[in-house]
>>> print(open('protein31.csv').read())   # CSV, C-alpha atoms (C1' of nucleotides)
chain,number,residue,atom,x,y,z
A,51,MET,CA,22.8,26.4,-27.3
A,52,GLY,CA,21.2,24.8,-24.4
A,53,ASP,CA,22.2,21.9,-22.3
A,54,PHE,CA,19.0,21.6,-20.3
A,55,SER,CA,18.1,19.2,-17.5
A,56,ILE,CA,14.7,17.7,-17.9
A,57,GLY,CA,13.3,20.2,-15.3
A,58,GLN,CA,14.6,23.2,-17.3
A,59,LEU,CA,13.2,21.8,-20.5
A,60,ALA,CA,9.8,21.2,-18.8
A,61,ALA,CA,9.8,24.8,-17.5
A,62,ALA,CA,10.8,26.2,-20.9
A,63,ALA,CA,7.9,24.3,-22.6
A,64,GLU,CA,5.4,24.7,-19.7
A,65,THR,CA,5.1,21.0,-19.4
A,66,LYS,CA,5.6,18.5,-16.6
A,67,VAL,CA,8.8,16.5,-16.2
A,68,GLN,CA,6.8,13.3,-16.3
A,69,THR,CA,5.1,14.3,-19.5
A,70,ILE,CA,8.5,14.5,-21.2
A,71,ARG,CA,9.6,11.1,-19.9
A,72,TYR,CA,6.2,9.8,-21.1
A,73,TYR,CA,6.8,11.3,-24.6
A,74,GLU,CA,10.2,9.6,-24.7
A,75,GLU,CA,8.7,6.3,-23.7
A,76,ILE,CA,6.1,6.4,-26.5
A,77,GLY,CA,8.8,7.6,-29.0
A,78,VAL,CA,7.7,11.2,-29.9
A,79,MET,CA,10.7,12.6,-28.0
A,80,PRO,CA,14.2,11.1,-28.5
A,81,ARG,CA,16.2,9.2,-26.0
A,82,VAL,CA,18.9,11.8,-25.4
A,83,ALA,CA,22.4,11.5,-24.0
A,84,ARG,CA,22.8,11.1,-20.2
A,85,THR,CA,25.3,12.5,-17.6
A,86,GLY,CA,27.6,10.1,-15.8
A,87,GLY,CA,24.9,9.8,-13.1
A,88,GLY,CA,22.2,8.9,-15.7
A,89,GLN,CA,20.3,12.2,-15.9
A,90,ARG,CA,19.0,13.4,-19.3
A,91,ARG,CA,20.6,16.4,-21.0
A,92,TYR,CA,18.7,18.2,-23.7
A,93,ALA,CA,19.7,20.6,-26.5
A,94,SER,CA,17.7,23.4,-28.1
A,95,GLY,CA,16.5,21.2,-30.9
A,96,ASP,CA,14.7,19.1,-28.3
A,97,LEU,CA,13.0,22.1,-27.0
A,98,LYS,CA,11.7,23.0,-30.4
A,99,ARG,CA,10.4,19.5,-30.9
A,100,LEU,CA,8.7,19.5,-27.5
A,101,ALA,CA,7.2,23.0,-28.2
A,102,PHE,CA,5.8,21.6,-31.5
A,103,ILE,CA,4.2,18.6,-29.7
A,104,ARG,CA,2.7,20.8,-26.9
A,105,HIS,CA,1.3,23.3,-29.3
A,106,ALA,CA,-0.3,20.6,-31.5
A,107,ARG,CA,-1.7,19.0,-28.3
A,108,ASP,CA,-3.1,22.3,-27.2
A,109,LEU,CA,-4.8,22.5,-30.6
A,110,GLY,CA,-6.3,19.1,-29.8
A,111,PHE,CA,-4.3,16.9,-32.2
A,112,SER,CA,-3.9,13.3,-31.1
A,113,ILE,CA,-0.5,11.9,-30.4
A,114,GLU,CA,-0.9,9.7,-33.4
A,115,ALA,CA,-1.5,12.7,-35.6
A,116,ILE,CA,1.5,14.4,-34.1
A,117,ARG,CA,3.6,11.4,-34.8
A,118,THR,CA,2.7,11.8,-38.5
A,119,LEU,CA,3.3,15.5,-38.5
A,120,LEU,CA,6.7,15.1,-36.9
A,121,GLY,CA,7.5,12.5,-39.5
A,122,LEU,CA,6.6,15.0,-42.2
A,123,GLN,CA,8.9,17.6,-40.8
A,124,ASP,CA,11.8,15.3,-41.4
A,125,ARG,CA,11.0,15.1,-45.2
A,126,PRO,CA,10.9,18.8,-46.3
A,127,ASP,CA,10.8,17.9,-50.0
A,128,HIS,CA,7.7,15.8,-49.7
A,129,SER,CA,4.3,17.3,-50.5
A,130,CYS,CA,2.4,18.7,-47.5
A,131,GLU,CA,-0.8,17.1,-48.5
A,132,ALA,CA,-0.8,14.7,-45.5
A,133,ALA,CA,-0.4,17.6,-43.1
A,134,ASP,CA,-3.3,19.4,-44.7
A,135,ALA,CA,-5.5,16.3,-44.5
A,136,ILE,CA,-4.7,16.0,-40.8
A,137,ALA,CA,-5.4,19.6,-40.0
A,138,GLY,CA,-8.6,19.4,-42.2
A,139,ALA,CA,-9.8,16.4,-40.3
A,140,ARG,CA,-9.1,18.2,-37.0
A,141,LEU,CA,-11.1,21.2,-38.2
A,142,ALA,CA,-14.1,19.0,-39.1
A,143,GLU,CA,-13.9,17.4,-35.6
A,144,VAL,CA,-13.8,20.8,-33.9
A,145,GLU,CA,-16.8,22.0,-35.9
A,146,GLN,CA,-18.8,19.0,-35.1
A,147,ARG,CA,-17.9,19.3,-31.4
A,148,ILE,CA,-18.9,23.0,-31.4
A,149,ALA,CA,-22.3,22.2,-33.0
A,150,LYS,CA,-22.9,19.5,-30.4
A,151,LEU,CA,-21.9,21.8,-27.5
A,152,GLU,CA,-24.1,24.6,-28.8
A,153,ALA,CA,-27.2,22.3,-28.8
A,154,LEU,CA,-26.2,21.2,-25.3
A,155,ARG,CA,-25.8,24.8,-24.1
A,156,ALA,CA,-29.3,25.6,-25.4
A,157,GLU,CA,-30.7,22.6,-23.6
A,158,LEU,CA,-29.0,23.5,-20.3
A,159,LYS,CA,-30.1,27.1,-20.5
A,160,ARG,CA,-33.7,26.0,-21.2
A,161,MET,CA,-33.5,23.6,-18.2
A,162,LEU,CA,-32.2,26.2,-15.9
A,163,ALA,CA,-34.5,28.9,-17.1
A,164,SER,CA,-37.7,26.9,-16.5
A,165,CYS,CA,-36.7,25.8,-13.0
A,166,ARG,CA,-38.7,27.5,-10.3
A,167,HIS,CA,-36.1,26.9,-7.6
A,168,GLY,CA,-38.5,25.0,-5.4
A,169,LYS,CA,-38.6,21.4,-4.3
A,170,VAL,CA,-36.9,18.5,-6.1
A,171,ALA,CA,-40.3,17.0,-6.8
A,172,GLU,CA,-41.1,19.8,-9.3
A,173,CYS,CA,-37.6,20.6,-10.5
A,174,ARG,CA,-37.4,21.0,-14.2
A,175,VAL,CA,-33.7,20.2,-14.2
A,176,ILE,CA,-34.3,16.7,-12.8
A,177,GLU,CA,-37.5,16.3,-14.9
A,178,VAL,CA,-35.8,17.0,-18.2
A,179,LEU,CA,-32.9,14.7,-17.3
A,180,ALA,CA,-35.4,12.0,-16.5
A,181,ASP,CA,-37.3,12.4,-19.8
A,182,HIS,CA,-35.4,12.8,-23.0
A,183,GLY,CA,-38.7,13.5,-24.8
A,184,GLN,CA,-38.7,16.9,-23.2
A,185,CYS,CA,-35.5,17.9,-25.0
A,186,ALA,CA,-35.8,20.5,-27.8
A,187,HIS,CA,-33.0,19.0,-29.8
A,188,GLU,CA,-33.1,15.4,-31.0
A,189,ALA,CA,-29.4,15.6,-31.9
A,190,HIS,CA,-28.0,13.9,-28.8
B,291,MET,CA,-44.5,-4.8,-16.2
B,292,GLY,CA,-41.1,-5.3,-17.4
B,293,ASP,CA,-38.9,-8.2,-16.5
B,294,PHE,CA,-36.0,-7.5,-18.8
B,295,SER,CA,-32.7,-9.3,-19.3
B,296,ILE,CA,-29.7,-7.1,-19.3
B,297,GLY,CA,-29.6,-7.3,-23.1
B,298,GLN,CA,-33.2,-6.1,-23.4
B,299,LEU,CA,-32.4,-3.3,-21.0
B,300,ALA,CA,-29.4,-2.3,-23.0
B,301,ALA,CA,-31.4,-2.2,-26.2
B,302,ALA,CA,-34.2,-0.2,-24.6
B,303,ALA,CA,-31.7,2.4,-23.3
B,304,GLU,CA,-29.4,2.3,-26.3
B,305,THR,CA,-26.5,1.3,-24.2
B,306,LYS,CA,-24.1,-1.6,-24.1
B,307,VAL,CA,-24.5,-4.6,-21.8
B,308,GLN,CA,-21.0,-4.0,-20.3
B,309,THR,CA,-21.9,-0.4,-19.6
B,310,ILE,CA,-24.8,-1.5,-17.4
B,311,ARG,CA,-22.6,-4.0,-15.5
B,312,TYR,CA,-20.1,-1.2,-15.1
B,313,TYR,CA,-22.8,1.1,-13.7
B,314,GLU,CA,-23.7,-1.6,-11.2
B,315,GLU,CA,-20.1,-2.0,-10.2
B,316,ILE,CA,-19.7,1.7,-9.5
B,317,GLY,CA,-23.0,1.8,-7.7
B,318,VAL,CA,-25.1,4.1,-9.9
B,319,MET,CA,-27.3,1.1,-11.0
B,320,PRO,CA,-28.6,-1.3,-8.3
B,321,ARG,CA,-27.7,-4.9,-7.8
B,322,VAL,CA,-30.9,-6.4,-9.0
B,323,ALA,CA,-32.4,-9.9,-8.4
B,324,ARG,CA,-31.0,-12.8,-10.3
B,325,THR,CA,-32.5,-15.9,-11.9
B,326,GLY,CA,-31.6,-19.3,-10.6
B,327,GLY,CA,-28.8,-19.4,-13.1
B,328,GLY,CA,-27.4,-16.1,-12.0
B,329,GLN,CA,-28.7,-13.8,-14.7
B,330,ARG,CA,-29.9,-10.3,-13.9
B,331,ARG,CA,-33.6,-9.4,-14.2
B,332,TYR,CA,-34.6,-5.8,-14.4
B,333,ALA,CA,-37.9,-4.0,-13.9
B,334,SER,CA,-39.2,-0.8,-15.5
B,335,GLY,CA,-37.9,1.4,-12.7
B,336,ASP,CA,-34.4,0.3,-13.6
B,337,LEU,CA,-35.0,1.3,-17.2
B,338,LYS,CA,-36.0,4.8,-16.0
B,339,ARG,CA,-32.9,5.1,-13.9
B,340,LEU,CA,-30.7,4.0,-16.7
B,341,ALA,CA,-32.4,6.4,-19.1
B,342,PHE,CA,-31.7,9.2,-16.6
B,343,ILE,CA,-28.1,8.3,-16.4
B,344,ARG,CA,-27.6,8.0,-20.1
B,345,HIS,CA,-29.3,11.3,-20.8
B,346,ALA,CA,-27.3,13.1,-18.2
B,347,ARG,CA,-24.1,11.5,-19.6
B,348,ASP,CA,-25.1,12.7,-23.1
B,349,LEU,CA,-25.4,16.2,-21.7
B,350,GLY,CA,-21.9,15.7,-20.5
B,351,PHE,CA,-22.5,15.4,-16.7
B,352,SER,CA,-19.9,13.4,-14.9
B,353,ILE,CA,-20.7,10.2,-13.1
B,354,GLU,CA,-20.1,12.0,-9.8
B,355,ALA,CA,-22.6,14.7,-10.7
B,356,ILE,CA,-25.1,12.1,-11.8
B,357,ARG,CA,-24.6,10.3,-8.5
B,358,THR,CA,-25.6,13.5,-6.7
B,359,LEU,CA,-28.6,14.1,-9.0
B,360,LEU,CA,-29.8,10.5,-8.5
B,361,GLY,CA,-29.5,11.1,-4.7
B,362,LEU,CA,-31.6,14.2,-5.0
B,363,GLN,CA,-34.4,12.4,-6.9
B,364,ASP,CA,-34.9,10.2,-3.9
B,365,ARG,CA,-35.6,13.3,-1.7
B,366,PRO,CA,-38.4,15.0,-3.5
B,367,ASP,CA,-39.2,17.4,-0.5
B,368,HIS,CA,-35.7,18.7,-0.5
B,369,SER,CA,-34.9,22.0,-2.2
B,370,CYS,CA,-33.5,21.6,-5.8
B,371,GLU,CA,-30.8,24.2,-5.2
B,372,ALA,CA,-28.1,21.5,-5.6
B,373,ALA,CA,-29.4,20.3,-8.9
B,374,ASP,CA,-29.5,23.9,-10.2
B,375,ALA,CA,-25.9,24.4,-9.0
B,376,ILE,CA,-24.7,21.2,-10.8
B,377,ALA,CA,-26.5,22.2,-14.0
B,378,GLY,CA,-25.2,25.8,-13.8
B,379,ALA,CA,-21.7,24.5,-13.3
B,380,ARG,CA,-22.1,22.3,-16.4
B,381,LEU,CA,-23.4,25.3,-18.4
B,382,ALA,CA,-20.4,27.3,-17.4
B,383,GLU,CA,-18.1,24.4,-18.5
B,384,VAL,CA,-19.8,24.1,-21.8
B,385,GLU,CA,-19.6,27.8,-22.5
B,386,GLN,CA,-15.9,27.8,-21.7
B,387,ARG,CA,-15.4,24.8,-23.9
B,388,ILE,CA,-17.2,26.5,-26.8
B,389,ALA,CA,-15.1,29.6,-26.5
B,390,LYS,CA,-11.9,27.6,-26.6
B,391,LEU,CA,-13.1,25.5,-29.5
B,392,GLU,CA,-14.1,28.6,-31.5
B,393,ALA,CA,-10.6,30.1,-31.0
B,394,LEU,CA,-9.2,26.8,-32.1
B,395,ARG,CA,-11.4,26.6,-35.2
B,396,ALA,CA,-10.3,30.1,-36.2
B,397,GLU,CA,-6.7,29.0,-35.8
B,398,LEU,CA,-7.1,25.9,-37.9
B,399,LYS,CA,-8.9,27.7,-40.6
B,400,ARG,CA,-6.2,30.3,-40.8
B,401,MET,CA,-3.6,27.6,-40.9
B,402,LEU,CA,-5.3,25.8,-43.7
B,403,ALA,CA,-6.2,28.9,-45.7
B,404,SER,CA,-2.6,30.1,-45.8
B,405,CYS,CA,-1.1,26.8,-46.9
B,406,ARG,CA,-0.1,26.8,-50.6
B,407,HIS,CA,-0.3,23.0,-50.8
B,408,GLY,CA,3.3,22.7,-51.9
B,409,LYS,CA,6.3,21.1,-50.1
B,410,VAL,CA,6.5,20.4,-46.4
B,411,ALA,CA,9.4,22.9,-46.2
B,412,GLU,CA,7.1,25.8,-46.8
B,413,CYS,CA,3.9,24.4,-45.3
B,414,ARG,CA,2.1,26.9,-43.2
B,415,VAL,CA,0.4,24.2,-41.2
B,416,ILE,CA,3.7,22.7,-40.0
B,417,GLU,CA,5.1,26.2,-39.5
B,418,VAL,CA,2.3,27.4,-37.3
B,419,LEU,CA,2.5,24.3,-35.2
B,420,ALA,CA,6.2,24.8,-34.8
B,421,ASP,CA,5.9,28.3,-33.7
B,422,HIS,CA,3.2,29.3,-31.2
B,423,GLY,CA,4.1,33.0,-31.8
B,424,GLN,CA,2.3,32.8,-35.2
B,425,CYS,CA,-1.0,32.2,-33.5
B,426,ALA,CA,-3.6,34.9,-33.7
B,427,HIS,CA,-5.0,33.9,-30.3
B,428,GLU,CA,-3.0,33.9,-27.2
B,429,ALA,CA,-5.7,32.0,-25.3
B,430,HIS,CA,-4.3,28.5,-25.6
C,119,DC,C1',30.9,18.9,3.2
C,120,DT,C1',26.3,19.2,3.8
C,121,DA,C1',21.7,20.2,2.8
C,122,DA,C1',18.3,21.2,-0.4
C,123,DT,C1',16.7,20.3,-4.7
C,124,DC,C1',16.4,17.5,-8.7
C,125,DT,C1',16.3,13.3,-11.2
C,126,DC,C1',16.0,8.4,-11.7
C,127,DT,C1',12.9,3.9,-12.5
C,128,DA,C1',8.9,1.5,-12.0
C,129,DC,C1',4.4,1.3,-11.3
C,130,DA,C1',-0.5,2.5,-10.0
C,131,DG,C1',-4.3,5.6,-10.8
C,132,DT,C1',-7.5,8.8,-13.6
C,133,DG,C1',-12.7,8.6,-16.2
C,134,DA,C1',-15.8,6.2,-18.5
C,135,DC,C1',-16.1,2.9,-20.6
C,136,DT,C1',-14.9,-1.2,-24.2
C,137,DG,C1',-13.1,-5.6,-25.5
C,138,DT,C1',-11.7,-10.4,-24.6
C,139,DA,C1',-11.5,-15.2,-22.9
C,140,DG,C1',-13.6,-19.0,-21.3
C,141,DC,C1',-17.1,-20.4,-19.3
C,142,DT,C1',-22.7,-21.2,-18.1
C,143,DT,C1',-27.6,-20.4,-18.8
C,144,DC,C1',-31.6,-19.6,-21.4
C,145,DA,C1',-35.3,-20.0,-25.0
C,146,DA,C1',-37.1,-21.8,-29.2
C,147,DG,C1',-37.5,-25.4,-32.6
C,148,DG,C1',-37.7,-30.2,-33.6
D,68,DC,C1',-37.1,-34.0,-23.9
D,69,DC,C1',-33.1,-32.6,-26.3
D,70,DT,C1',-30.3,-29.8,-28.9
D,71,DT,C1',-28.4,-25.7,-30.6
D,72,DG,C1',-27.2,-21.0,-30.9
D,73,DA,C1',-27.7,-16.7,-28.8
D,74,DA,C1',-27.1,-14.3,-24.7
D,75,DG,C1',-25.3,-14.0,-20.1
D,76,DC,C1',-21.7,-14.6,-16.5
D,77,DT,C1',-17.0,-13.2,-14.1
D,78,DA,C1',-12.6,-11.3,-14.2
D,79,DC,C1',-9.4,-8.8,-16.2
D,80,DA,C1',-6.7,-6.1,-19.7
D,81,DG,C1',-6.8,-2.1,-22.8
D,82,DT,C1',-8.0,2.7,-24.2
D,83,DC,C1',-6.0,7.9,-24.1
D,84,DA,C1',-2.8,11.1,-22.5
D,85,DC,C1',-1.1,11.9,-19.0
D,86,DT,C1',-0.4,12.5,-13.5
D,87,DG,C1',1.1,11.0,-9.0
D,88,DT,C1',3.8,8.2,-5.8
D,89,DA,C1',7.7,5.7,-3.5
D,90,DG,C1',12.2,5.1,-2.6
D,91,DA,C1',16.5,5.5,-4.3
D,92,DG,C1',20.5,8.2,-6.3
D,93,DA,C1',22.6,12.7,-8.6
D,94,DT,C1',23.7,17.4,-8.7
D,95,DT,C1',24.6,22.0,-7.1
D,96,DA,C1',24.9,26.2,-4.1
D,97,DG,C1',26.6,27.8,0.0
>>> encode(input="protein31.csv", output="structure tokens")
Amino acid sequence: MGDFSIGQLAAAAETKVQTIRYYEEIGVMPRVARTGGGQRRYASGDLKRLAFIRHARDLGFSIEAIRTLLGLQDRPDHSCEAADAIAGARLAEVEQRIAKLEALRAELKRMLASCRHGKVAECRVIEVLADHGQCAHEAH
Amino acid sequence: MGDFSIGQLAAAAETKVQTIRYYEEIGVMPRVARTGGGQRRYASGDLKRLAFIRHARDLGFSIEAIRTLLGLQDRPDHSCEAADAIAGARLAEVEQRIAKLEALRAELKRMLASCRHGKVAECRVIEVLADHGQCAHEAH
DNA sequence: CTAATCTCTACAGTGACTGTAGCTTCAAGG
DNA sequence: CCTTGAAGCTACAGTCACTGTAGAGATTAG
């Protein structure tokens, strides 16, 4: 069971060294024991915690949400309702974001398709940007 | 035609007053004339420029991209190639983002669907977050 | 023992705003 | 003309989640 330096931990979790120190500072990673010279030494449990955090971040959870999820992990007997609520909220966010981006994609495609690739004066891309009224979708 | 205060301009463009001052500071909005007492007074051309910026921002263009697009507007005889390139790059970004979010949505749905809503100890949501290996998609 | 690599702290910078404090100016009503 | 309340002014701090830098000290392989 490991006795990693911060660099080894970073490599193992595909993170940057600074990010780990930042996580320690904001309290989502623990303040671990130090060598005589003051360098951090991590164990395998710390790697698991960091992997959890990174994975949740990759899924777009905020640090605050992760803080709650980490807190839940420490109370295994508790109902997981709160975890479900957080994941559910994240799903709703993602679905909204997708809908918005799809409208945006359509708009950009339309813009690009109608451009005749001539002079700026008659460029549809510039024109559409200048006049919201020419947008197909009112959404944004 | 117009002789707006900053508040009226903000209302007309559905922006905040501070945002307009920020745009002035970073040089995408002009430093306009002031009243004797030092308050900004805008004309209709300024509203058009602000609307252009806001619309482009709503479509997700960065301020740097917008700076270039605004520069192009001032050279109507120039080819609009650069504008097309910027819009094309934005479209590619949006498509990538959508693909990533769709993978994410699938992941979150799977997580939530397999949770039995019991104790934290056997919660699939927590479990999947802890172990990346349980993800269906390797993408992220 | 030395040289190369790593790690340390502390702080500044990113993007695109947003919010706050403590003032001054403006416009409308009396 | 005067007051009052809303709106404007500057300057700066805060947001989020890192990322980068400087200048020092620690560790490790040869």
>>> closest_atom_pairs(input="protein31.csv", of="chain B", to="chain D", cutoff="9 Å", atoms="all atoms listed in the file", output="JSON lines")
{"residue": "B:Ser295", "atom": "CA", "partner": "D:DG75", "partner_atom": "C1'", "distance": 8.8}
{"residue": "B:Ile296", "atom": "CA", "partner": "D:DG75", "partner_atom": "C1'", "distance": 8.2}
{"residue": "B:Gly297", "atom": "CA", "partner": "D:DA74", "partner_atom": "C1'", "distance": 7.6}
{"residue": "B:Gly328", "atom": "CA", "partner": "D:DC76", "partner_atom": "C1'", "distance": 7.4}
{"residue": "B:Gln329", "atom": "CA", "partner": "D:DG75", "partner_atom": "C1'", "distance": 6.4}
{"residue": "B:Arg330", "atom": "CA", "partner": "D:DG75", "partner_atom": "C1'", "distance": 8.6}
>>> write_last_selection(input="protein31.csv", atoms="C-alpha atoms", output="short mmCIF file (atom, residue, chain, number, x, y, z; two decimals), in the frame of the given file")
data_model
loop_
_atom_site.label_atom_id
_atom_site.label_comp_id
_atom_site.auth_asym_id
_atom_site.auth_seq_id
_atom_site.Cartn_x
_atom_site.Cartn_y
_atom_site.Cartn_z
CA SER B 295 -32.70 -9.30 -19.30
CA ILE B 296 -29.70 -7.10 -19.30
CA GLY B 297 -29.60 -7.30 -23.10
CA GLY B 328 -27.40 -16.10 -12.00
CA GLN B 329 -28.70 -13.80 -14.70
CA ARG B 330 -29.90 -10.30 -13.90
#
>>> atom_distance(input="protein31.csv", atom1="atom C1' of C:DG133", atom2="atom CA of B:Glu354")
10.4 Å
>>> interface_residues(input="protein31.csv", of="chain B", to="chain C", cutoff="9 Å", atoms="only C-alpha atoms (C1' of nucleotides)", output="list in words")
Gln308, Thr309, Tyr312, Gly327, Gly328, Gln329, Ser352 and Ile353 of chain B
>>> write_last_selection(input="protein31.csv", atoms="C-alpha atoms", output="CSV table (one decimal), in the frame of the given file")
chain,number,residue,atom,x,y,z
B,308,GLN,CA,-21.0,-4.0,-20.3
B,309,THR,CA,-21.9,-0.4,-19.6
B,312,TYR,CA,-20.1,-1.2,-15.1
B,327,GLY,CA,-28.8,-19.4,-13.1
B,328,GLY,CA,-27.4,-16.1,-12.0
B,329,GLN,CA,-28.7,-13.8,-14.7
B,352,SER,CA,-19.9,13.4,-14.9
B,353,ILE,CA,-20.7,10.2,-13.1
>>> calpha_fit_and_write(input="protein31.csv", fixed="chain B", moving="chain A", output="short mmCIF file (atom, residue, chain, number, x, y, z; two decimals) with C-alpha atoms, in the coordinates of the input")
data_model
loop_
_atom_site.label_atom_id
_atom_site.label_comp_id
_atom_site.auth_asym_id
_atom_site.auth_seq_id
_atom_site.Cartn_x
_atom_site.Cartn_y
_atom_site.Cartn_z
CA MET A 51 -44.16 -4.07 -16.24
CA GLY A 52 -40.99 -5.36 -17.58
CA ASP A 53 -38.85 -8.23 -16.57
CA PHE A 54 -35.90 -7.47 -18.82
CA SER A 55 -32.65 -9.38 -19.29
CA ILE A 56 -29.64 -7.17 -19.28
CA GLY A 57 -29.52 -7.33 -23.15
CA GLN A 58 -33.13 -6.08 -23.44
CA LEU A 59 -32.47 -3.31 -20.98
CA ALA A 60 -29.30 -2.29 -22.91
CA ALA A 61 -31.29 -2.24 -26.18
CA ALA A 62 -34.14 -0.25 -24.61
CA ALA A 63 -31.64 2.40 -23.31
CA GLU A 64 -29.28 2.25 -26.35
CA THR A 65 -26.44 1.29 -24.13
CA LYS A 66 -24.01 -1.61 -24.02
CA VAL A 67 -24.49 -4.59 -21.73
CA GLN A 68 -21.08 -3.98 -20.23
CA THR A 69 -21.88 -0.38 -19.52
CA ILE A 70 -24.78 -1.50 -17.32
CA ARG A 71 -22.65 -4.02 -15.42
CA TYR A 72 -20.08 -1.21 -15.04
CA TYR A 73 -22.77 1.14 -13.62
CA GLU A 74 -23.78 -1.56 -11.14
CA GLU A 75 -20.20 -2.07 -10.09
CA ILE A 76 -19.68 1.64 -9.35
CA GLY A 77 -23.12 1.81 -7.58
CA VAL A 78 -25.23 4.11 -9.86
CA MET A 79 -27.37 1.12 -10.91
CA PRO A 80 -28.72 -1.33 -8.27
CA ARG A 81 -27.74 -4.89 -7.82
CA VAL A 82 -31.00 -6.48 -8.97
CA ALA A 83 -32.46 -9.91 -8.35
CA ARG A 84 -31.04 -12.87 -10.34
CA THR A 85 -32.60 -15.99 -12.01
CA GLY A 86 -31.73 -19.41 -10.66
CA GLY A 87 -28.84 -19.48 -13.17
CA GLY A 88 -27.49 -16.09 -11.91
CA GLN A 89 -28.64 -13.79 -14.73
CA ARG A 90 -29.90 -10.28 -13.88
CA ARG A 91 -33.59 -9.44 -14.25
CA TYR A 92 -34.63 -5.83 -14.47
CA ALA A 93 -37.94 -3.99 -13.95
CA SER A 94 -39.20 -0.81 -15.59
CA GLY A 95 -37.97 1.35 -12.76
CA ASP A 96 -34.44 0.27 -13.65
CA LEU A 97 -34.96 1.33 -17.14
CA LYS A 98 -36.02 4.77 -16.08
CA ARG A 99 -32.99 5.09 -13.87
CA LEU A 100 -30.66 3.94 -16.65
CA ALA A 101 -32.38 6.36 -19.14
CA PHE A 102 -31.77 9.20 -16.62
CA ILE A 103 -28.04 8.29 -16.32
CA ARG A 104 -27.57 7.99 -20.14
CA HIS A 105 -29.30 11.23 -20.84
CA ALA A 106 -27.26 13.12 -18.21
CA ARG A 107 -24.10 11.49 -19.66
CA ASP A 108 -25.08 12.55 -23.12
CA LEU A 109 -25.41 16.08 -21.73
CA GLY A 110 -21.84 15.69 -20.49
CA PHE A 111 -22.47 15.38 -16.73
CA SER A 112 -19.84 13.42 -14.83
CA ILE A 113 -20.76 10.25 -13.06
CA GLU A 114 -20.10 11.99 -9.82
CA ALA A 115 -22.60 14.68 -10.69
CA ILE A 116 -25.09 12.04 -11.68
CA ARG A 117 -24.61 10.30 -8.42
CA THR A 118 -25.69 13.54 -6.68
CA LEU A 119 -28.60 14.09 -8.97
CA LEU A 120 -29.87 10.57 -8.45
CA GLY A 121 -29.54 11.11 -4.74
CA LEU A 122 -31.69 14.21 -5.07
CA GLN A 123 -34.40 12.36 -6.87
CA ASP A 124 -34.86 10.18 -3.85
CA ARG A 125 -35.63 13.26 -1.61
CA PRO A 126 -38.51 15.04 -3.46
CA ASP A 127 -39.20 17.39 -0.54
CA HIS A 128 -35.70 18.77 -0.46
CA SER A 129 -34.90 22.03 -2.23
CA CYS A 130 -33.56 21.66 -5.79
CA GLU A 131 -30.83 24.12 -5.25
CA ALA A 132 -28.07 21.45 -5.52
CA ALA A 133 -29.42 20.30 -8.86
CA ASP A 134 -29.43 23.84 -10.15
CA ALA A 135 -25.85 24.41 -8.98
CA ILE A 136 -24.78 21.27 -10.82
CA ALA A 137 -26.52 22.14 -14.04
CA GLY A 138 -25.19 25.78 -13.69
CA ALA A 139 -21.67 24.53 -13.30
CA ARG A 140 -22.13 22.27 -16.36
CA LEU A 141 -23.38 25.24 -18.38
CA ALA A 142 -20.32 27.33 -17.42
CA GLU A 143 -18.06 24.40 -18.48
CA VAL A 144 -19.82 24.06 -21.83
CA GLU A 145 -19.50 27.79 -22.49
CA GLN A 146 -15.90 27.83 -21.70
CA ARG A 147 -15.30 24.78 -23.91
CA ILE A 148 -17.21 26.42 -26.80
CA ALA A 149 -15.12 29.64 -26.50
CA LYS A 150 -11.93 27.58 -26.53
CA LEU A 151 -13.07 25.52 -29.56
CA GLU A 152 -14.09 28.64 -31.46
CA ALA A 153 -10.57 30.16 -31.04
CA LEU A 154 -9.15 26.81 -32.14
CA ARG A 155 -11.43 26.66 -35.20
CA ALA A 156 -10.26 30.15 -36.22
CA GLU A 157 -6.66 29.10 -35.84
CA LEU A 158 -7.12 25.93 -37.91
CA LYS A 159 -8.98 27.75 -40.64
CA ARG A 160 -6.23 30.41 -40.78
CA MET A 161 -3.60 27.61 -40.97
CA LEU A 162 -5.35 25.83 -43.71
CA ALA A 163 -6.20 28.92 -45.64
CA SER A 164 -2.60 30.19 -45.85
CA CYS A 165 -1.18 26.84 -46.95
CA ARG A 166 -0.09 26.81 -50.55
CA HIS A 167 -0.31 23.04 -50.89
CA GLY A 168 3.31 22.69 -51.88
CA LYS A 169 6.25 21.08 -50.17
CA VAL A 170 6.50 20.38 -46.43
CA ALA A 171 9.41 22.80 -46.23
CA GLU A 172 7.06 25.78 -46.84
CA CYS A 173 3.88 24.40 -45.33
CA ARG A 174 2.11 26.89 -43.18
CA VAL A 175 0.34 24.14 -41.27
CA ILE A 176 3.63 22.69 -40.00
CA GLU A 177 5.14 26.21 -39.58
CA VAL A 178 2.37 27.47 -37.34
CA LEU A 179 2.47 24.27 -35.27
CA ALA A 180 6.18 24.74 -34.87
CA ASP A 181 5.88 28.39 -33.76
CA HIS A 182 3.23 29.37 -31.30
CA GLY A 183 4.15 33.04 -31.86
CA GLN A 184 2.41 32.84 -35.18
CA CYS A 185 -0.95 32.13 -33.54
CA ALA A 186 -3.58 34.91 -33.64
CA HIS A 187 -5.04 33.96 -30.32
CA GLU A 188 -2.95 33.91 -27.15
CA ALA A 189 -5.74 32.04 -25.34
CA HIS A 190 -4.31 28.53 -25.63
#
>>> atom_distance(input="protein31.csv", atom1="atom CA of A:Asp124", atom2="atom CA of B:Lys409")
11.8 Å
>>> closest_residue(input="protein31.csv", among="A:Ser164, A:Ala62, A:Gly183, A:Phe54", to="A:Val82", atoms="all atoms listed in the file")
A:Phe54
>>> closest_residue(input="protein31.csv", among="A:Arg91, A:Glu74, A:Glu64, A:Arg81", to="chain B", atoms="all atoms listed in the file")
A:Glu64
>>> closest_residue(input="protein31.csv", among="B:Arg357, B:Phe342, B:Gln298, B:Gly350", to="chain A", atoms="all atoms listed in the file")
B:Phe342
